[in-house]
>>> print(open('input10.tsv').read())   # TSV, C-alpha atoms and all ligand atoms
chain	number	residue	atom	x	y	z
A	1	MET	CA	-193.38	-25.40	95.70
A	2	SER	CA	-194.90	-22.23	94.19
A	3	GLY	CA	-194.95	-21.86	90.42
A	4	GLN	CA	-192.70	-18.80	90.72
A	5	ARG	CA	-189.90	-20.86	92.28
A	6	LEU	CA	-189.97	-23.21	89.30
A	7	LEU	CA	-189.07	-20.36	86.93
A	8	MET	CA	-185.45	-19.66	85.95
A	9	GLY	CA	-183.85	-16.71	87.68
A	10	ASN	CA	-183.03	-14.57	84.64
A	11	TYR	CA	-185.72	-12.00	85.47
A	12	GLY	CA	-184.84	-11.67	89.15
A	13	ASP	CA	-187.75	-11.64	91.58
A	14	PRO	CA	-190.80	-9.95	90.01
A	15	PRO	CA	-192.30	-7.74	92.75
A	16	VAL	CA	-195.96	-7.83	91.65
A	17	THR	CA	-198.39	-10.26	90.05
A	18	PHE	CA	-200.67	-8.42	87.65
A	19	VAL	CA	-204.00	-10.02	86.85
A	20	ARG	CA	-205.91	-7.45	84.79
A	21	GLY	CA	-205.43	-4.30	82.76
A	22	SER	CA	-207.62	-1.73	81.02
A	23	GLY	CA	-206.29	1.24	79.07
A	24	THR	CA	-203.53	2.84	81.17
A	25	GLU	CA	-204.59	0.94	84.33
A	26	LEU	CA	-203.25	-2.30	85.75
A	27	PHE	CA	-204.55	-4.26	88.75
A	28	ASP	CA	-202.58	-6.75	90.84
A	29	ASP	CA	-203.75	-9.90	92.61
A	30	THR	CA	-204.77	-7.89	95.69
A	31	GLY	CA	-206.93	-5.56	93.60
A	32	LYS	CA	-204.49	-2.62	93.88
A	33	ARG	CA	-204.61	-0.18	90.94
A	34	TYR	CA	-201.52	1.11	89.09
A	35	LEU	CA	-200.98	3.54	86.23
A	36	ASP	CA	-198.85	1.85	83.59
A	37	PHE	CA	-196.29	4.35	82.25
A	38	LEU	CA	-194.08	1.59	80.86
A	39	CYS	CA	-196.43	-0.44	78.65
A	40	GLY	CA	-194.52	-3.69	79.03
A	41	LEU	CA	-191.52	-1.85	77.60
A	42	ALA	CA	-193.26	0.12	74.86
A	43	VAL	CA	-195.52	-2.74	73.81
A	44	THR	CA	-199.13	-1.96	74.80
A	45	SER	CA	-199.27	1.34	72.91
A	46	LEU	CA	-203.06	1.19	72.59
A	47	GLY	CA	-203.46	0.44	76.31
A	48	HIS	CA	-204.33	-2.83	77.99
A	49	SER	CA	-207.17	-5.04	76.75
A	50	HIS	CA	-208.03	-2.76	73.84
A	51	PRO	CA	-211.60	-3.83	72.94
A	52	ARG	CA	-210.98	-3.83	69.17
A	53	VAL	CA	-207.81	-5.94	69.51
A	54	ALA	CA	-209.55	-8.29	71.97
A	55	ALA	CA	-212.48	-8.76	69.57
A	56	ALA	CA	-210.13	-9.39	66.64
A	57	LEU	CA	-208.28	-12.05	68.65
A	58	ALA	CA	-211.49	-13.73	69.79
A	59	GLY	CA	-212.86	-13.72	66.24
A	60	GLN	CA	-209.66	-15.14	64.77
A	61	ALA	CA	-209.39	-17.79	67.51
A	62	GLY	CA	-212.76	-19.14	66.41
A	63	THR	CA	-211.94	-18.92	62.70
A	64	LEU	CA	-208.41	-20.13	61.90
A	65	LEU	CA	-205.41	-20.42	64.20
A	66	HIS	CA	-202.62	-21.98	62.20
A	67	VAL	CA	-201.77	-23.59	58.87
A	68	SER	CA	-197.98	-22.91	58.59
A	69	ASN	CA	-196.21	-20.65	56.13
A	70	LEU	CA	-196.54	-23.30	53.43
A	71	PHE	CA	-199.93	-21.65	52.80
A	72	ASP	CA	-201.23	-18.10	52.73
A	73	THR	CA	-203.68	-16.71	55.26
A	74	GLU	CA	-205.47	-13.36	55.18
A	75	PRO	CA	-204.59	-11.24	58.23
A	76	HIS	CA	-200.87	-10.94	57.52
A	77	LEU	CA	-201.39	-9.70	53.96
A	78	GLU	CA	-203.17	-6.56	55.18
A	79	VAL	CA	-200.51	-6.07	57.87
A	80	ALA	CA	-197.77	-6.26	55.23
A	81	ALA	CA	-199.53	-3.71	53.02
A	82	ARG	CA	-200.12	-1.26	55.89
A	83	LEU	CA	-196.58	-1.62	57.24
A	84	ASP	CA	-195.15	-1.03	53.78
A	85	ALA	CA	-197.18	2.15	53.32
A	86	LEU	CA	-196.25	3.46	56.79
A	87	VAL	CA	-192.52	2.75	56.40
A	88	ARG	CA	-192.43	4.52	53.05
A	89	SER	CA	-194.55	7.50	54.14
A	90	GLY	CA	-192.51	10.67	54.07
A	91	THR	CA	-189.27	9.03	52.91
A	92	GLY	CA	-189.45	9.51	49.15
A	93	ALA	CA	-188.95	5.76	48.69
A	94	THR	CA	-190.72	4.45	45.65
A	95	GLY	CA	-191.47	0.87	46.68
A	96	PRO	CA	-193.36	-1.20	47.39
A	97	GLY	CA	-191.00	-3.07	49.70
A	98	ARG	CA	-191.41	-6.61	51.05
A	99	VAL	CA	-192.27	-7.85	54.56
A	100	LEU	CA	-191.20	-10.96	56.47
A	101	PHE	CA	-192.99	-11.89	59.70
A	102	GLN	CA	-191.29	-13.16	62.84
A	103	ASN	CA	-192.34	-13.60	66.48
A	104	SER	CA	-190.22	-11.08	68.38
A	105	GLY	CA	-187.80	-8.19	68.09
A	106	ALA	CA	-184.68	-10.30	68.36
A	107	GLU	CA	-185.96	-12.65	65.68
A	108	ALA	CA	-186.73	-9.72	63.41
A	109	ASN	CA	-183.19	-8.36	63.84
A	110	GLU	CA	-181.69	-11.84	63.41
A	111	ALA	CA	-183.60	-12.17	60.12
A	112	ALA	CA	-182.49	-8.67	59.06
A	113	ILE	CA	-178.84	-9.57	59.70
A	114	LYS	CA	-179.21	-12.80	57.70
A	115	LEU	CA	-180.91	-10.87	54.88
A	116	ALA	CA	-178.11	-8.30	54.82
A	117	ARG	CA	-175.46	-11.06	54.72
A	118	LYS	CA	-177.26	-12.89	51.91
A	119	HIS	CA	-177.73	-9.70	49.90
A	120	GLN	CA	-174.18	-8.40	50.37
A	121	GLY	CA	-172.51	-11.75	49.83
A	122	ARG	CA	-169.49	-13.45	51.38
A	123	GLY	CA	-166.73	-11.11	52.42
A	124	ARG	CA	-169.19	-8.25	53.13
A	125	HIS	CA	-170.82	-9.81	56.17
A	126	VAL	CA	-169.75	-7.39	58.92
A	127	VAL	CA	-172.45	-5.33	60.65
A	128	VAL	CA	-171.52	-2.13	62.47
A	129	SER	CA	-173.78	-0.99	65.30
A	130	ALA	CA	-173.52	1.56	68.09
A	131	MET	CA	-172.13	1.40	71.58
A	132	ARG	CA	-174.96	1.30	74.15
A	133	SER	CA	-177.33	-0.11	71.51
A	134	PHE	CA	-179.71	-2.97	72.23
A	135	HIS	CA	-180.75	-5.35	69.47
A	136	GLY	CA	-181.80	-8.55	71.26
A	137	ARG	CA	-180.64	-11.61	73.15
A	138	THR	CA	-180.07	-14.26	70.48
A	139	LEU	CA	-176.38	-14.89	69.86
A	140	ALA	CA	-176.17	-12.72	66.72
A	141	THR	CA	-178.34	-9.89	68.04
A	142	LEU	CA	-176.42	-9.98	71.33
A	143	ALA	CA	-173.21	-9.66	69.30
A	144	ALA	CA	-174.75	-6.65	67.55
A	145	THR	CA	-175.76	-5.15	70.91
A	146	GLY	CA	-173.13	-2.59	71.92
A	147	GLN	CA	-172.92	-3.52	75.60
A	148	PRO	CA	-169.71	-5.51	76.22
A	149	GLU	CA	-170.76	-6.47	79.76
A	150	LYS	CA	-173.72	-8.40	78.29
A	151	HIS	CA	-171.35	-10.25	75.92
A	152	GLU	CA	-168.93	-11.50	78.52
A	153	PRO	CA	-170.75	-14.57	79.93
A	154	PHE	CA	-171.56	-15.87	76.44
A	155	GLN	CA	-168.23	-15.60	74.65
A	156	PRO	CA	-167.35	-16.59	72.01
A	157	LEU	CA	-170.11	-14.78	70.13
A	158	PRO	CA	-170.67	-15.03	66.37
A	159	GLU	CA	-168.04	-13.24	64.31
A	160	GLY	CA	-168.74	-10.21	62.12
A	161	PHE	CA	-169.90	-7.42	64.45
A	162	ARG	CA	-168.23	-4.09	65.24
A	163	HIS	CA	-169.28	-1.15	67.36
A	164	ALA	CA	-168.71	2.59	67.18
A	165	ALA	CA	-169.59	5.47	69.48
A	166	TRP	CA	-173.25	6.57	69.40
A	167	ASN	CA	-174.04	9.72	67.47
A	168	ASP	CA	-170.43	9.94	66.26
A	169	LEU	CA	-170.30	9.76	62.47
A	170	ALA	CA	-166.51	9.95	62.34
A	171	ALA	CA	-166.28	6.96	64.71
A	172	PHE	CA	-168.55	4.94	62.43
A	173	GLU	CA	-166.55	5.93	59.37
A	174	ALA	CA	-163.33	4.93	61.14
A	175	VAL	CA	-164.40	1.28	61.58
A	176	LEU	CA	-165.54	0.81	57.97
A	177	ASP	CA	-163.65	-1.35	55.50
A	178	PRO	CA	-164.76	-3.41	52.49
A	179	SER	CA	-165.92	-6.28	54.75
A	180	VAL	CA	-168.68	-4.09	56.24
A	181	GLY	CA	-171.99	-4.78	54.52
A	182	ALA	CA	-174.45	-3.04	56.81
A	183	ILE	CA	-174.98	-0.48	59.54
A	184	LEU	CA	-177.60	-1.29	62.18
A	185	VAL	CA	-178.88	1.46	64.50
A	186	GLU	CA	-181.89	2.43	66.58
A	187	PRO	CA	-183.16	5.94	65.73
A	188	LEU	CA	-183.44	6.49	69.49
A	189	GLN	CA	-181.63	4.11	71.82
A	190	GLY	CA	-184.23	2.73	74.19
A	191	GLU	CA	-182.53	0.26	76.54
A	192	GLY	CA	-179.28	2.25	76.26
A	193	GLY	CA	-180.81	5.18	78.15
A	194	VAL	CA	-183.37	6.87	75.82
A	195	ASN	CA	-180.75	8.59	73.65
A	196	PRO	CA	-182.16	10.10	70.43
A	197	ALA	CA	-179.99	10.03	67.31
A	198	ASP	CA	-178.95	13.43	65.98
A	199	VAL	CA	-180.57	14.11	62.62
A	200	ASP	CA	-177.11	14.83	61.13
A	201	PHE	CA	-175.85	11.46	62.40
A	202	LEU	CA	-178.65	9.51	60.66
A	203	VAL	CA	-178.31	11.59	57.48
A	204	GLY	CA	-174.55	10.95	57.58
A	205	LEU	CA	-175.01	7.20	58.02
A	206	ARG	CA	-177.33	7.17	55.00
A	207	ARG	CA	-174.69	9.01	52.98
A	208	LEU	CA	-171.93	6.59	54.04
A	209	CYS	CA	-174.16	3.63	53.09
A	210	ASP	CA	-174.88	5.17	49.67
A	211	GLU	CA	-171.22	5.94	49.03
A	212	ARG	CA	-169.98	2.47	49.98
A	213	GLY	CA	-172.84	0.19	48.92
A	214	MET	CA	-173.74	-0.73	52.50
A	215	LEU	CA	-177.27	-1.38	53.76
A	216	LEU	CA	-178.79	0.84	56.43
A	217	ILE	CA	-180.87	-1.21	58.89
A	218	LEU	CA	-183.11	0.73	61.28
A	219	ASP	CA	-184.09	-1.13	64.43
A	220	GLU	CA	-187.54	0.35	65.15
A	221	ILE	CA	-188.53	-2.36	67.58
A	222	GLN	CA	-189.00	0.04	70.49
A	223	THR	CA	-189.49	3.27	68.54
A	224	GLY	CA	-191.73	2.17	65.67
A	225	LEU	CA	-195.46	2.65	65.14
A	226	GLY	CA	-196.02	6.16	66.35
A	227	ARG	CA	-194.25	6.14	69.70
A	228	THR	CA	-191.76	8.91	68.88
A	229	GLY	CA	-194.32	11.20	67.23
A	230	ARG	CA	-193.71	9.85	63.71
A	231	TRP	CA	-194.69	6.43	62.40
A	232	PHE	CA	-191.02	5.47	62.57
A	233	GLY	CA	-188.15	7.16	64.37
A	234	PHE	CA	-185.98	7.43	61.24
A	235	GLN	CA	-188.65	9.65	59.67
A	236	HIS	CA	-187.56	12.50	61.98
A	237	ALA	CA	-184.38	12.59	59.88
A	238	GLY	CA	-186.19	12.24	56.54
A	239	ILE	CA	-183.89	9.42	55.46
A	240	ARG	CA	-184.59	6.30	53.42
A	241	PRO	CA	-183.93	2.93	55.09
A	242	ASP	CA	-182.95	-0.29	53.31
A	243	ILE	CA	-184.28	-2.54	56.07
A	244	VAL	CA	-186.55	-1.76	59.04
A	245	THR	CA	-187.36	-4.08	61.94
A	246	VAL	CA	-190.54	-3.79	64.03
A	247	ALA	CA	-192.05	-5.77	66.92
A	248	LYS	CA	-193.23	-4.65	70.40
A	249	ALA	CA	-196.24	-2.39	69.65
A	250	LEU	CA	-197.23	-4.27	66.50
A	251	GLY	CA	-199.33	-6.82	68.42
A	252	ASN	CA	-200.17	-4.59	71.43
A	253	GLY	CA	-198.99	-7.49	73.61
A	254	VAL	CA	-199.40	-10.41	71.21
A	255	PRO	CA	-195.95	-11.61	70.09
A	256	ILE	CA	-195.21	-10.62	66.50
A	257	GLY	CA	-192.23	-9.06	64.75
A	258	ALA	CA	-191.59	-8.02	61.17
A	259	VAL	CA	-188.79	-7.11	58.80
A	260	TRP	CA	-189.45	-4.63	56.00
A	261	ALA	CA	-186.92	-4.36	53.18
A	262	GLU	CA	-186.61	-2.62	49.83
A	263	ALA	CA	-187.73	-5.08	47.15
A	264	ASP	CA	-184.27	-5.53	45.61
A	265	VAL	CA	-182.78	-6.26	49.06
A	266	ALA	CA	-185.62	-8.62	50.00
A	267	ALA	CA	-185.09	-10.52	46.74
A	268	ALA	CA	-181.92	-11.99	48.27
A	269	PHE	CA	-184.08	-14.36	50.34
A	270	ARG	CA	-184.98	-17.35	48.19
A	271	PRO	CA	-187.26	-20.22	49.30
A	272	GLY	CA	-185.56	-22.07	52.15
A	273	ASP	CA	-183.23	-19.24	53.21
A	274	HIS	CA	-185.19	-18.30	56.31
A	275	GLY	CA	-188.36	-19.37	58.08
A	276	SER	CA	-190.38	-19.57	61.27
A	277	THR	CA	-193.18	-21.96	62.22
A	278	PHE	CA	-195.24	-19.24	63.85
A	279	GLY	CA	-194.00	-16.06	62.12
A	280	GLY	CA	-197.04	-14.12	60.88
A	281	GLN	CA	-199.52	-16.80	61.94
A	282	PRO	CA	-203.19	-15.77	61.85
A	283	LEU	CA	-203.79	-15.10	65.56
A	284	ALA	CA	-200.83	-12.75	65.96
A	285	ALA	CA	-201.43	-11.18	62.56
A	286	SER	CA	-205.11	-10.55	63.37
A	287	ALA	CA	-203.99	-8.55	66.42
A	288	ALA	CA	-201.46	-6.61	64.35
A	289	ARG	CA	-204.05	-5.92	61.64
A	290	GLU	CA	-206.43	-4.39	64.18
A	291	VAL	CA	-203.61	-2.50	65.92
A	292	LEU	CA	-202.60	-0.84	62.65
A	293	ARG	CA	-206.22	-0.04	61.73
A	294	VAL	CA	-206.82	1.60	65.12
A	295	MET	CA	-203.47	3.41	65.08
A	296	GLU	CA	-204.22	4.92	61.69
A	297	GLU	CA	-207.74	5.92	62.80
A	298	ILE	CA	-206.51	7.73	65.92
A	299	ASP	CA	-203.37	9.11	64.20
A	300	ALA	CA	-201.05	7.42	66.69
A	301	PRO	CA	-197.99	9.60	65.93
A	302	ALA	CA	-200.00	12.78	66.58
A	303	CYS	CA	-201.24	11.32	69.90
A	304	ALA	CA	-197.64	10.54	70.92
A	305	ALA	CA	-196.42	13.99	69.89
A	306	ALA	CA	-199.18	15.89	71.74
A	307	ARG	CA	-199.18	13.79	74.91
A	308	GLY	CA	-195.39	13.59	74.86
A	309	ALA	CA	-195.26	17.39	74.92
A	310	THR	CA	-197.68	17.45	77.87
A	311	LEU	CA	-195.70	14.81	79.77
A	312	THR	CA	-192.40	16.57	79.07
A	313	GLY	CA	-193.82	19.83	80.45
A	314	LEU	CA	-195.13	18.15	83.60
A	315	LEU	CA	-191.83	16.36	84.24
A	316	GLU	CA	-189.73	19.45	83.63
A	317	ALA	CA	-191.74	21.29	86.27
A	318	LEU	CA	-191.13	18.58	88.86
A	319	PRO	CA	-188.63	19.27	91.65
A	320	GLY	CA	-186.16	16.39	91.62
A	321	VAL	CA	-186.12	16.07	87.80
A	322	SER	CA	-183.10	17.80	86.29
A	323	GLY	CA	-183.83	17.10	82.63
A	324	VAL	CA	-186.10	15.28	80.20
A	325	ARG	CA	-184.97	13.68	76.95
A	326	GLY	CA	-186.52	11.52	74.26
A	327	LEU	CA	-189.14	11.88	71.57
A	328	GLY	CA	-192.93	11.66	71.68
A	329	LEU	CA	-193.94	9.25	74.42
A	330	LEU	CA	-190.55	7.55	74.81
A	331	LEU	CA	-188.97	9.75	77.46
A	332	ALA	CA	-186.34	9.60	80.16
A	333	ALA	CA	-186.48	11.79	83.26
A	334	GLU	CA	-182.97	12.47	84.52
A	335	LEU	CA	-183.17	12.64	88.31
A	336	ASP	CA	-181.47	15.46	90.17
A	337	PRO	CA	-178.55	13.82	92.03
A	338	THR	CA	-179.20	15.93	95.13
A	339	ALA	CA	-182.78	14.62	95.31
A	340	LEU	CA	-181.66	11.02	94.86
A	341	ASP	CA	-180.12	10.87	98.33
A	342	ASP	CA	-177.91	7.87	97.48
A	343	GLN	CA	-180.80	6.07	95.79
A	344	LYS	CA	-180.55	4.75	92.26
A	345	ALA	CA	-183.27	5.34	89.65
A	346	ALA	CA	-184.19	1.65	90.10
A	347	ASP	CA	-184.98	2.37	93.77
A	348	VAL	CA	-187.15	5.31	92.75
A	349	ALA	CA	-188.93	3.07	90.22
A	350	ARG	CA	-189.57	0.52	93.00
A	351	ALA	CA	-191.00	3.25	95.23
A	352	CYS	CA	-193.19	4.44	92.35
A	353	LEU	CA	-194.51	0.90	91.93
A	354	GLU	CA	-195.39	0.77	95.64
A	355	ALA	CA	-197.19	4.08	95.17
A	356	GLY	CA	-199.10	2.82	92.12
A	357	LEU	CA	-197.05	3.96	89.11
A	358	VAL	CA	-195.16	1.63	86.75
A	359	VAL	CA	-191.91	3.08	85.32
A	360	ASN	CA	-188.38	1.70	85.14
A	361	GLY	CA	-184.86	2.81	85.84
A	362	VAL	CA	-183.24	2.90	82.41
A	363	THR	CA	-179.85	4.14	83.69
A	364	PRO	CA	-178.65	4.47	87.30
A	365	THR	CA	-179.90	8.08	87.29
A	366	ALA	CA	-182.82	8.15	84.81
A	367	LEU	CA	-186.37	6.79	84.71
A	368	ARG	CA	-187.94	5.67	81.43
A	369	LEU	CA	-191.55	6.70	80.79
A	370	ALA	CA	-193.49	5.16	77.92
A	371	PRO	CA	-197.23	5.45	78.65
A	372	PRO	CA	-199.80	4.24	76.12
A	373	LEU	CA	-200.35	6.60	73.20
A	374	THR	CA	-203.98	6.70	74.38
A	375	VAL	CA	-203.09	8.03	77.86
A	376	THR	CA	-205.34	10.92	79.00
A	377	ASP	CA	-204.18	14.28	80.31
A	378	ASP	CA	-205.67	13.41	83.71
A	379	GLU	CA	-203.69	10.17	83.82
A	380	LEU	CA	-200.50	12.01	82.87
A	381	ALA	CA	-201.08	14.50	85.69
A	382	GLU	CA	-201.89	11.71	88.16
A	383	GLY	CA	-198.80	9.69	87.23
A	384	VAL	CA	-196.46	12.67	87.44
A	385	ALA	CA	-197.99	13.62	90.80
A	386	ILE	CA	-197.17	10.12	92.11
A	387	LEU	CA	-193.57	10.49	90.87
A	388	GLY	CA	-193.41	13.95	92.49
A	389	ASP	CA	-194.54	12.53	95.84
A	390	VAL	CA	-191.99	9.72	95.61
A	391	LEU	CA	-189.17	12.15	94.81
A	392	ALA	CA	-190.28	14.43	97.65
A	393	GLY	CA	-190.16	11.42	99.95
A	394	ASP	CA	-193.78	11.65	100.98
A	395	ALA	CA	-195.50	9.13	98.74
A	396	GLU	CA	-198.55	7.53	100.28
A	397	VAL	CA	-198.40	3.95	99.17
A	398	ALA	CA	-201.68	3.17	97.49
A	399	ALA	CA	-203.86	0.70	99.40
B	401	LIG	C1	-184.43	-1.66	69.99
B	401	LIG	C2	-184.71	-3.09	70.37
B	401	LIG	N1	-184.32	-4.07	69.54
B	401	LIG	C3	-184.55	-5.35	69.84
B	401	LIG	C4	-185.21	-5.73	70.99
B	401	LIG	C5	-185.44	-7.18	71.29
B	401	LIG	O1	-186.82	-7.47	71.18
B	401	LIG	P1	-187.42	-8.79	71.85
B	401	LIG	O2	-187.29	-8.64	73.33
B	401	LIG	O3	-188.85	-8.82	71.37
B	401	LIG	O4	-186.63	-9.94	71.33
B	401	LIG	C6	-185.62	-4.73	71.90
B	401	LIG	C7	-186.25	-5.09	73.17
B	401	LIG	O5	-186.26	-4.35	74.12
B	401	LIG	C8	-185.37	-3.38	71.57
B	401	LIG	O6	-185.73	-2.38	72.39
>>> encode(input="input10.tsv", output="structure tokens", more="lines below")
Ligand SMILES: Cc1ncc(COP(=O)(O)O)c(C=O)c1O
Amino acid sequence: MSGQRLLMGNYGDPPVTFVRGSGTELFDDTGKRYLDFLCGLAVTSLGHSHPRVAAALAGQAGTLLHVSNLFDTEPHLEVAARLDALVRSGTGATGPGRVLFQNSGAEANEAAIKLARKHQGRGRHVVVSAMRSFHGRTLATLAATGQPEKHEPFQPLPEGFRHAAWNDLAAFEAVLDPSVGAILVEPLQGEGGVNPADVDFLVGLRRLCDERGMLLILDEIQTGLGRTGRWFGFQHAGIRPDIVTVAKALGNGVPIGAVWAEADVAAAFRPGDHGSTFGGQPLAASAAREVLRVMEEIDAPACAAARGATLTGLLEALPGVSGVRGLGLLLAAELDPTALDDQKAADVARACLEAGLVVNGVTPTALRLAPPLTVTDDELAEGVAILGDVLAGDAEVAA
């Protein structure tokens, strides 16, 4: 029996086995080359096998791998300091805040929800999030996720979650009552279809939180660390967050997540309130430390903004693409229904894969594109040319 057949079926049937990657390129087990315009879902923002991250991991593996959170280690302290500075940049927040390390996005959101509940106290435990949001797959983060079809098989879910229409301030206001302690939103919905928040919506949520003593939690797991053209997506709206969650790009492929909170909010967590055996352990933190150093050196948000503008221009000029939305290098290409010829975006993504380009269908009619922030102009042109050939129906499948 092959190893693949021993795996549970929750990921369907993966079509390719990748064995190697370098920068924007991936190679499968037959040696075929692909351009990766998905980055493992906005994770490998510095490209595959970044030499500085690889060296940091190798060095840390031979130095210290694990001691538990009963003791301090060095790499995560620098990560906490850099994250704190980046979250507060351009927000007018005084700070410093506090950071808690986890292993994934869902864990970071789960910890943020627990922190909000502990800070707000009993009776103010309800979290309001948006329809079409995605916050994770644990029971609480699934309950926060505004996609009822994902809830159904797992009912009953934990109590204390409400949803309101995306980008609709009045709808959010309408579901508020004194039991609501926090609002949790992505600044740009990733899994929900690459839907940016209106600036007025985020500013309005901040105002509602200030007026009613609620916490504003920004889920920056997909958007954070430069991808949208700012260090964090909420910075496009110039607002101040109470809690921010990060994961994906933080380790460039090494699992690590983090929660940042204002110091007075973070103070709600006392010893024993939350924990994780591996959260912030030295190997993962050494990757994150190098990722943040490199990102600051290359000015990752500026890279995303410039290359995102290039990619948007190329996509807009492509026959078969009827519109492009998103921010920086987190984009969706809406496919012209007449060019789709009864196909779904997922079918187009499959054809792109065959032709050597990795993207995904984020809605039935839209492709998500999230290349590394280090992608070159030539790679952007090559990738868009592959998509153009696929949409024109004359893709030559790469050998
Ligand atoms: C906005 C957002 N929040 C949370 C998560 C969950 O992160 P993880 O898969 O690391 O648990 C994701 C993953 O796609 C995400 O995009």
>>> closest_residue(input="input10.tsv", among="A:Leu216, A:Pro153, A:Ala268, A:Leu202", to="Arg117 of chain A", atoms="only C-alpha atoms")
A:Ala268
>>> residues_near_ligand(input="input10.tsv", ligand="ligand LIG 401 (chain B)", cutoff="6 Å", atoms="only C-alpha atoms and all ligand atoms", output="count of residues only")
12
>>> atom_distance(input="input10.tsv", atom1="atom CA of Gly320 of chain A", atom2="atom CA of Ala339 of chain A")
5.3 Å
>>> residues_near_point(input="input10.tsv", point="(-199.0, -6.8, 51.4)", cutoff="12 Å", atoms="all atoms listed in the file", output="PyMOL selection string")
chain A and resi 72-86+95-101+260+289
>>> atom_distance(input="input10.tsv", atom1="atom CA of Ala267 of chain A", atom2="atom CA of Arg88 of chain A")
17.9 Å
>>> atom_distance(input="input10.tsv", atom1="atom CA of Pro371 of chain A", atom2="atom CA of Arg137 of chain A")
24.4 Å
>>> closest_residue(input="input10.tsv", among="A:Val16, A:Leu176, A:Val294, A:Ala385", to="Glu211 of chain A", atoms="all atoms listed in the file")
A:Leu176
>>> residues_around(input="input10.tsv", residues="segment 326-337 of chain A", least_positions_apart="5", cutoff="8 Å", atoms="all atoms listed in the file", output="ChimeraX atom specification")
/A:42,188,190,193-196,223,227-229,301,304-309,311-312,315,320-321,345,362,365-373
>>> closest_residue(input="input10.tsv", among="A:Asp36, A:Val127, A:Cys352, A:Thr277", to="Asp389 of chain A", atoms="all atoms listed in the file")
A:Cys352
>>> closest_residue(input="input10.tsv", among="A:Lys118, A:Arg124, A:Arg325, A:Lys32", to="Asp264 of chain A", atoms="only C-alpha atoms")
A:Lys118
>>> residues_around(input="input10.tsv", residues="Lys248 of chain A", least_positions_apart="2", cutoff="9 Å", atoms="only C-alpha atoms", output="ChimeraX atom specification")
/A:40-45,104-105,221-224,246,250-257
>>> closest_residue(input="input10.tsv", among="A:Gly323, A:Gly62, A:Pro178, A:Gly388", to="Ala349 of chain A", atoms="all atoms listed in the file")
A:Gly388
>>> closest_residue(input="input10.tsv", among="A:Ala381, A:Thr138, A:Leu208, A:Gly181", to="Ala317 of chain A", atoms="only C-alpha atoms")
A:Ala381
>>> residues_near_point(input="input10.tsv", point="(-173.2, -14.6, 73.1)", cutoff="7 Å", atoms="only C-alpha atoms", output="PDB file with C-alpha atoms, in the coordinates of the input")
ATOM      1  CA  LEU A 139    -176.380 -14.890  69.860  1.00  0.00           C
ATOM      2  CA  LEU A 142    -176.420  -9.980  71.330  1.00  0.00           C
ATOM      3  CA  ALA A 143    -173.210  -9.660  69.300  1.00  0.00           C
ATOM      4  CA  HIS A 151    -171.350 -10.250  75.920  1.00  0.00           C
ATOM      5  CA  PHE A 154    -171.560 -15.870  76.440  1.00  0.00           C
ATOM      6  CA  GLN A 155    -168.230 -15.600  74.650  1.00  0.00           C
ATOM      7  CA  PRO A 156    -167.350 -16.590  72.010  1.00  0.00           C
ATOM      8  CA  LEU A 157    -170.110 -14.780  70.130  1.00  0.00           C
TER       9      LEU A 157
END
>>> residues_around(input="input10.tsv", residues="Gly146 of chain A", least_positions_apart="5", cutoff="6 Å", atoms="only C-alpha atoms", output="PyMOL selection string")
chain A and resi 130-133
>>> axis_aligned_box(input="input10.tsv", around="segment 252-267 of chain A", padding_each_side="3 Å", output="JSON")
{"center_x": -191.5, "center_y": -7.1, "center_z": 59.6, "size_x": 23.4, "size_y": 15.0, "size_z": 34.0}
>>> decode(input="input10.tsv", residues="segment 88-112 of chain A", atoms="C-alpha atoms", output="PDB file, in the first residue's frame")
ATOM      1  CA  ARG A  88       2.912  49.471  16.095  1.00  0.00           C
ATOM      2  CA  SER A  89       4.560  51.174  13.093  1.00  0.00           C
ATOM      3  CA  GLY A  90       2.273  53.800  11.649  1.00  0.00           C
ATOM      4  CA  THR A  91      -0.586  53.234  14.101  1.00  0.00           C
ATOM      5  CA  GLY A  92       0.124  55.863  16.750  1.00  0.00           C
ATOM      6  CA  ALA A  93       0.044  53.131  19.413  1.00  0.00           C
ATOM      7  CA  THR A  94       2.374  53.868  22.267  1.00  0.00           C
ATOM      8  CA  GLY A  95       3.283  50.368  23.431  1.00  0.00           C
ATOM      9  CA  PRO A  96       5.218  48.246  23.762  1.00  0.00           C
ATOM     10  CA  GLY A  97       2.710  45.407  23.467  1.00  0.00           C
ATOM     11  CA  ARG A  98       3.233  41.756  24.416  1.00  0.00           C
ATOM     12  CA  VAL A  99       3.653  38.654  22.236  1.00  0.00           C
ATOM     13  CA  LEU A 100       2.588  35.033  22.755  1.00  0.00           C
ATOM     14  CA  PHE A 101       3.936  32.335  20.442  1.00  0.00           C
ATOM     15  CA  GLN A 102       1.896  29.476  19.022  1.00  0.00           C
ATOM     16  CA  ASN A 103       2.406  26.926  16.227  1.00  0.00           C
ATOM     17  CA  SER A 104      -0.199  27.856  13.619  1.00  0.00           C
ATOM     18  CA  GLY A 105      -2.797  30.389  12.576  1.00  0.00           C
ATOM     19  CA  ALA A 106      -5.719  28.598  14.160  1.00  0.00           C
ATOM     20  CA  GLU A 107      -3.835  28.287  17.435  1.00  0.00           C
ATOM     21  CA  ALA A 108      -2.989  31.981  17.353  1.00  0.00           C
ATOM     22  CA  ASN A 109      -6.670  32.875  16.847  1.00  0.00           C
ATOM     23  CA  GLU A 110      -7.757  30.378  19.505  1.00  0.00           C
ATOM     24  CA  ALA A 111      -5.340  32.037  21.947  1.00  0.00           C
ATOM     25  CA  ALA A 112      -6.592  35.492  20.918  1.00  0.00           C
TER      26      ALA A 112
END
